[in-house]
Amino acid sequence: MQKCKRCAHDLAPGALVCEWCHLLAHAEELEQLVAGAKSFEELGNLQQAREYFAKALELLPPGASQADWVRQQVQRLEMAANAPPVETGTWARRLGPLAPVALALWKGKALLSIFKMNFLVSLGAFIWFYWTLFGMKFGLGFAVQILIHEMGHYIDIKRRGLPADMPVFLPGLGAYVRWQALGVSNETRAAVSLAGPLAGLFAALTCAAIWWTTGNTIWAALAHAGAWLNALNLIPVWALDGRQAASVLDKSGRWLLLTICLVLWLVLGQSVFFLVAGGTVYRLFTKDMAGQPSRPIAAYFAALLVALGVLMWSLPGENLGTP
């Protein structure tokens, strides 16, 4: 009998989901099949993409929400494969020299789908909120850094061939990316969670590089604020990114993170790491220790903490908010 990779309980022969923790039994294979289907679809091989989705459907419980999504993909690809070819001759002649542009837009309509109304409206409200609160320069830069953080999640999800919506922004509260996990492993979920702070680190480093080059303190303020916010997001509780990342760590991994946070707090004087340490202490006593801990995620988590701490320490914190 096979064992569940999350809770280590025995799986019944032919089981599609663990009856104890509800993890999909074929999570890793499902992830590979969906990624393969997306790759074939991008290459225009709709039949092969449909077959990959059909194989994934066989590994999913019929009533699962993931199964509903996969069935929709199978139906969509069947309709696309059976659709008659678009006759372009008549309108191409009418459009004349504009025909190539129109054809490119028609074929690239999937790319235009990223500009969904909820994304644009929420982003506009988000920018307006921080613009009003902090002024044009700092408010706009701060909002863009949060956008980059969320796009880090989005891009990491999409590169794995998984479905995801563009970020939705909540002024004053934050933002989120809705995606279909499709039974992926906890390690993959953790990596997706850490991709946001990684993108945020690069955004803060870019602001710091501009400050080091120009001497304009608004860039130092943006770099410090961005690094601080991404470090805060690594607190391993509630809906923050650190919570999912800590779920694949055992007690020794969580002790390692606690030690690093305390060192960063005491040596670098960055109080945000005291908050991360507090959340880590709480996770030392929760009953969700990973049966098969991920050393790469532990190293990833620790490296992000150290990099953000060193960046904040190197910046003039007293310049925060300076116009």
# chains A, B, ... in the order shown; residues from 1 in each chain; ligands from 1
call {"tool": "closest_atom_pairs", "arguments": {"of": "segment 107-218 of chain A", "to": "segment 295-309 of chain A", "cutoff": "9 Å", "atoms": "only C-alpha atoms", "output": "tab-separated table"}}
result
residue	atom	partner	partner_atom	distance
A:Glu187	CA	A:Ile297	CA	7.3
A:Ala190	CA	A:Ile297	CA	7.2
A:Ala191	CA	A:Ile297	CA	6.9
A:Leu194	CA	A:Phe301	CA	7.2
A:Pro197	CA	A:Leu304	CA	7.6
A:Leu198	CA	A:Leu304	CA	6.9
A:Leu201	CA	A:Leu308	CA	6.6
A:Ala204	CA	A:Leu308	CA	8.8
call {"tool": "write_last_selection", "arguments": {"atoms": "N, CA and C atoms", "output": "PDB file, in the first residue's frame"}}
result
ATOM      1  N   GLU A 187       5.189  21.343  -1.329  1.00  0.00           N
ATOM      2  CA  GLU A 187       6.444  22.014  -1.656  1.00  0.00           C
ATOM      3  C   GLU A 187       6.244  23.013  -2.797  1.00  0.00           C
ATOM      4  N   ALA A 190       4.487  25.992  -1.414  1.00  0.00           N
ATOM      5  CA  ALA A 190       5.423  26.806  -0.655  1.00  0.00           C
ATOM      6  C   ALA A 190       6.303  27.643  -1.575  1.00  0.00           C
ATOM      7  N   ALA A 191       6.762  27.038  -2.666  1.00  0.00           N
ATOM      8  CA  ALA A 191       7.595  27.772  -3.621  1.00  0.00           C
ATOM      9  C   ALA A 191       6.824  28.921  -4.249  1.00  0.00           C
ATOM     10  N   LEU A 194       6.640  31.788  -1.780  1.00  0.00           N
ATOM     11  CA  LEU A 194       7.888  32.539  -1.616  1.00  0.00           C
ATOM     12  C   LEU A 194       8.270  33.321  -2.871  1.00  0.00           C
ATOM     13  N   PRO A 197       7.580  37.285  -2.296  1.00  0.00           N
ATOM     14  CA  PRO A 197       8.649  38.009  -1.612  1.00  0.00           C
ATOM     15  C   PRO A 197       9.956  38.070  -2.394  1.00  0.00           C
ATOM     16  N   LEU A 198      10.243  37.033  -3.196  1.00  0.00           N
ATOM     17  CA  LEU A 198      11.459  37.078  -4.022  1.00  0.00           C
ATOM     18  C   LEU A 198      11.355  38.202  -5.055  1.00  0.00           C
ATOM     19  N   LEU A 201      11.754  41.414  -3.297  1.00  0.00           N
ATOM     20  CA  LEU A 201      13.163  41.691  -2.983  1.00  0.00           C
ATOM     21  C   LEU A 201      13.855  42.321  -4.184  1.00  0.00           C
ATOM     22  N   ALA A 204      12.761  45.924  -4.508  1.00  0.00           N
ATOM     23  CA  ALA A 204      13.409  46.773  -3.507  1.00  0.00           C
ATOM     24  C   ALA A 204      14.887  47.000  -3.842  1.00  0.00           C
TER      25      ALA A 204
END
call {"tool": "closest_residue", "arguments": {"among": "A:Lys251, A:His149, A:Arg178, A:Lys38", "to": "Gly161 of chain A", "atoms": "only C-alpha atoms"}}
result
A:Lys38
call {"tool": "closest_residue", "arguments": {"among": "A:Ser185, A:Ser314, A:Gln73, A:Gln292", "to": "Pro163 of chain A", "atoms": "only C-alpha atoms"}}
result
A:Gln73
call {"tool": "residues_around", "arguments": {"residues": "segment 279-285 of chain A", "least_positions_apart": "4", "cutoff": "6 Å", "atoms": "only C-alpha atoms", "output": "PyMOL selection string"}}
result
chain A and resi 235-236+258
call {"tool": "residues_around", "arguments": {"residues": "Thr206 of chain A", "least_positions_apart": "4", "cutoff": "10 Å", "atoms": "only C-alpha atoms", "output": "PyMOL selection string"}}
result
chain A and resi 200-202+210-212+219+222-223
call {"tool": "write_last_selection", "arguments": {"atoms": "C-alpha atoms", "output": "PDB file, in the first residue's frame"}}
result
ATOM      1  CA  GLY A 200       9.497  42.024  -3.989  1.00  0.00           C
ATOM      2  CA  LEU A 201      13.163  41.691  -2.983  1.00  0.00           C
ATOM      3  CA  PHE A 202      14.247  42.354  -6.574  1.00  0.00           C
ATOM      4  CA  ILE A 210      18.648  53.863  -8.143  1.00  0.00           C
ATOM      5  CA  TRP A 211      19.191  55.556  -4.779  1.00  0.00           C
ATOM      6  CA  TRP A 212      22.856  54.521  -4.676  1.00  0.00           C
ATOM      7  CA  TRP A 219      14.248  55.672  -3.750  1.00  0.00           C
ATOM      8  CA  LEU A 222      10.796  52.976  -1.350  1.00  0.00           C
ATOM      9  CA  ALA A 223      13.510  50.315  -1.057  1.00  0.00           C
TER      10      ALA A 223
END
call {"tool": "closest_residue", "arguments": {"among": "A:Leu57, A:Val121, A:Ala25, A:Ala277", "to": "Val237 of chain A", "atoms": "only C-alpha atoms"}}
result
A:Ala277
call {"tool": "residues_around", "arguments": {"residues": "Ala164 of chain A", "least_positions_apart": "2", "cutoff": "9 Å", "atoms": "only C-alpha atoms", "output": "MDAnalysis selection string"}}
result
chainID A and resid 154 157:158 162 166:167 177:181
call {"tool": "select_by_dssp", "arguments": {"residues": "segment 26-246 of chain A", "states": "strand (DSSP E or B)", "output": "ChimeraX atom specification"}}
result
/A:164,168-170,174-176,179
call {"tool": "closest_residue", "arguments": {"among": "A:Ala246, A:Leu264, A:Leu33, A:Val272", "to": "Met289 of chain A", "atoms": "only C-alpha atoms"}}
result
A:Ala246
call {"tool": "closest_residue", "arguments": {"among": "A:Ser252, A:Cys18, A:Pro316, A:Ile260", "to": "Ala290 of chain A", "atoms": "only C-alpha atoms"}}
result
A:Ser252
call {"tool": "closest_residue", "arguments": {"among": "A:Phe273, A:Phe138, A:Tyr176, A:Trp128", "to": "His153 of chain A", "atoms": "only C-alpha atoms"}}
result
A:Tyr176
call {"tool": "residues_around", "arguments": {"residues": "Tyr130 of chain A", "least_positions_apart": "6", "cutoff": "8 Å", "atoms": "only C-alpha atoms", "output": "list in words"}}
result
Gly139, Leu140, Phe142, Ala143, Pro171 and Gly172 of chain A
call {"tool": "atom_distance", "arguments": {"atom1": "atom CA of Leu16 of chain A", "atom2": "atom CA of Glu58 of chain A"}}
result
9.2 Å
call {"tool": "residues_around", "arguments": {"residues": "Gln48 of chain A", "least_positions_apart": "4", "cutoff": "10 Å", "atoms": "only C-alpha atoms", "output": "ChimeraX atom specification"}}
result
/A:36-41,44,52-54,77
call {"tool": "write_last_selection", "arguments": {"atoms": "C-alpha atoms", "output": "mmCIF file, in the first residue's frame"}}
result
data_model
loop_
_atom_site.group_PDB
_atom_site.id
_atom_site.type_symbol
_atom_site.label_atom_id
_atom_site.label_comp_id
_atom_site.auth_asym_id
_atom_site.auth_seq_id
_atom_site.Cartn_x
_atom_site.Cartn_y
_atom_site.Cartn_z
ATOM 1 C CA GLY A 36 2.271 19.171 -20.421
ATOM 2 C CA ALA A 37 -1.231 20.013 -21.640
ATOM 3 C CA LYS A 38 -0.499 23.719 -21.429
ATOM 4 C CA SER A 39 2.747 23.252 -23.330
ATOM 5 C CA PHE A 40 1.031 21.340 -26.151
ATOM 6 C CA GLU A 41 -1.701 23.971 -26.316
ATOM 7 C CA GLY A 44 -0.993 24.516 -31.234
ATOM 8 C CA TYR A 52 -3.246 15.135 -21.351
ATOM 9 C CA PHE A 53 -6.193 16.815 -19.642
ATOM 10 C CA ALA A 54 -8.256 13.641 -20.130
ATOM 11 C CA LEU A 77 -10.166 22.099 -26.480
#
call {"tool": "decode", "arguments": {"residues": "segment 219-294 of chain A", "atoms": "C-alpha atoms", "output": "tab-separated table (two decimals), in the first residue's frame"}}
result
chain	number	residue	atom	x	y	z
A	219	TRP	CA	14.25	55.67	-3.75
A	220	ALA	CA	15.85	54.75	-0.42
A	221	ALA	CA	12.48	55.19	1.25
A	222	LEU	CA	10.80	52.98	-1.35
A	223	ALA	CA	13.51	50.32	-1.06
A	224	HIS	CA	13.24	50.23	2.73
A	225	ALA	CA	9.43	50.16	2.71
A	226	GLY	CA	9.36	47.41	0.08
A	227	ALA	CA	11.89	45.25	1.92
A	228	TRP	CA	10.05	45.77	5.23
A	229	LEU	CA	6.69	44.83	3.72
A	230	ASN	CA	8.06	41.64	2.13
A	231	ALA	CA	9.74	40.64	5.39
A	232	LEU	CA	6.44	41.21	7.20
A	233	ASN	CA	4.76	38.94	4.64
A	234	LEU	CA	7.08	36.12	5.71
A	235	ILE	CA	5.49	35.87	9.16
A	236	PRO	CA	4.30	32.23	9.10
A	237	VAL	CA	0.71	32.83	10.20
A	238	TRP	CA	-2.77	33.66	8.86
A	239	ALA	CA	-2.94	34.38	5.11
A	240	LEU	CA	0.63	35.64	4.82
A	241	ASP	CA	3.14	34.05	2.44
A	242	GLY	CA	5.23	32.66	5.26
A	243	ARG	CA	2.38	30.45	6.50
A	244	GLN	CA	2.37	28.16	3.45
A	245	ALA	CA	6.15	28.14	3.26
A	246	ALA	CA	6.44	27.01	6.88
A	247	SER	CA	4.00	24.15	6.29
A	248	VAL	CA	6.73	22.06	4.61
A	249	LEU	CA	9.17	22.49	7.49
A	250	ASP	CA	9.62	20.19	10.44
A	251	LYS	CA	10.51	21.34	13.94
A	252	SER	CA	14.24	21.63	13.20
A	253	GLY	CA	13.52	23.77	10.14
A	254	ARG	CA	11.29	26.07	12.17
A	255	TRP	CA	13.93	26.33	14.89
A	256	LEU	CA	16.40	27.35	12.18
A	257	LEU	CA	14.09	30.14	10.99
A	258	LEU	CA	13.53	31.31	14.56
A	259	THR	CA	17.28	31.49	15.16
A	260	ILE	CA	17.86	33.46	11.95
A	261	CYS	CA	15.07	35.91	12.80
A	262	LEU	CA	16.41	36.54	16.29
A	263	VAL	CA	19.93	37.13	14.93
A	264	LEU	CA	18.62	39.56	12.31
A	265	TRP	CA	16.63	41.39	14.97
A	266	LEU	CA	19.47	41.63	17.48
A	267	VAL	CA	22.42	42.17	15.13
A	268	LEU	CA	20.83	44.31	12.39
A	269	GLY	CA	18.33	46.07	14.63
A	270	GLN	CA	15.38	45.38	12.31
A	271	SER	CA	12.32	45.02	14.53
A	272	VAL	CA	10.17	43.39	11.82
A	273	PHE	CA	12.13	40.17	12.37
A	274	PHE	CA	10.93	40.09	15.97
A	275	LEU	CA	7.41	39.75	14.52
A	276	VAL	CA	8.54	36.99	12.17
A	277	ALA	CA	10.20	35.26	15.13
A	278	GLY	CA	6.96	35.53	17.12
A	279	GLY	CA	5.01	33.85	14.33
A	280	THR	CA	7.66	31.13	14.09
A	281	VAL	CA	7.40	30.43	17.83
A	282	TYR	CA	3.66	29.92	17.37
A	283	ARG	CA	4.28	27.47	14.49
A	284	LEU	CA	6.62	25.46	16.73
A	285	PHE	CA	3.58	24.37	18.74
A	286	THR	CA	1.06	23.77	15.95
A	287	LYS	CA	0.23	20.21	14.89
A	288	ASP	CA	1.20	20.58	11.25
A	289	MET	CA	4.83	19.51	11.20
A	290	ALA	CA	5.85	18.20	7.79
A	291	GLY	CA	6.34	14.44	7.66
A	292	GLN	CA	8.76	14.88	4.76
A	293	PRO	CA	10.34	18.33	5.27
A	294	SER	CA	11.71	20.27	2.30
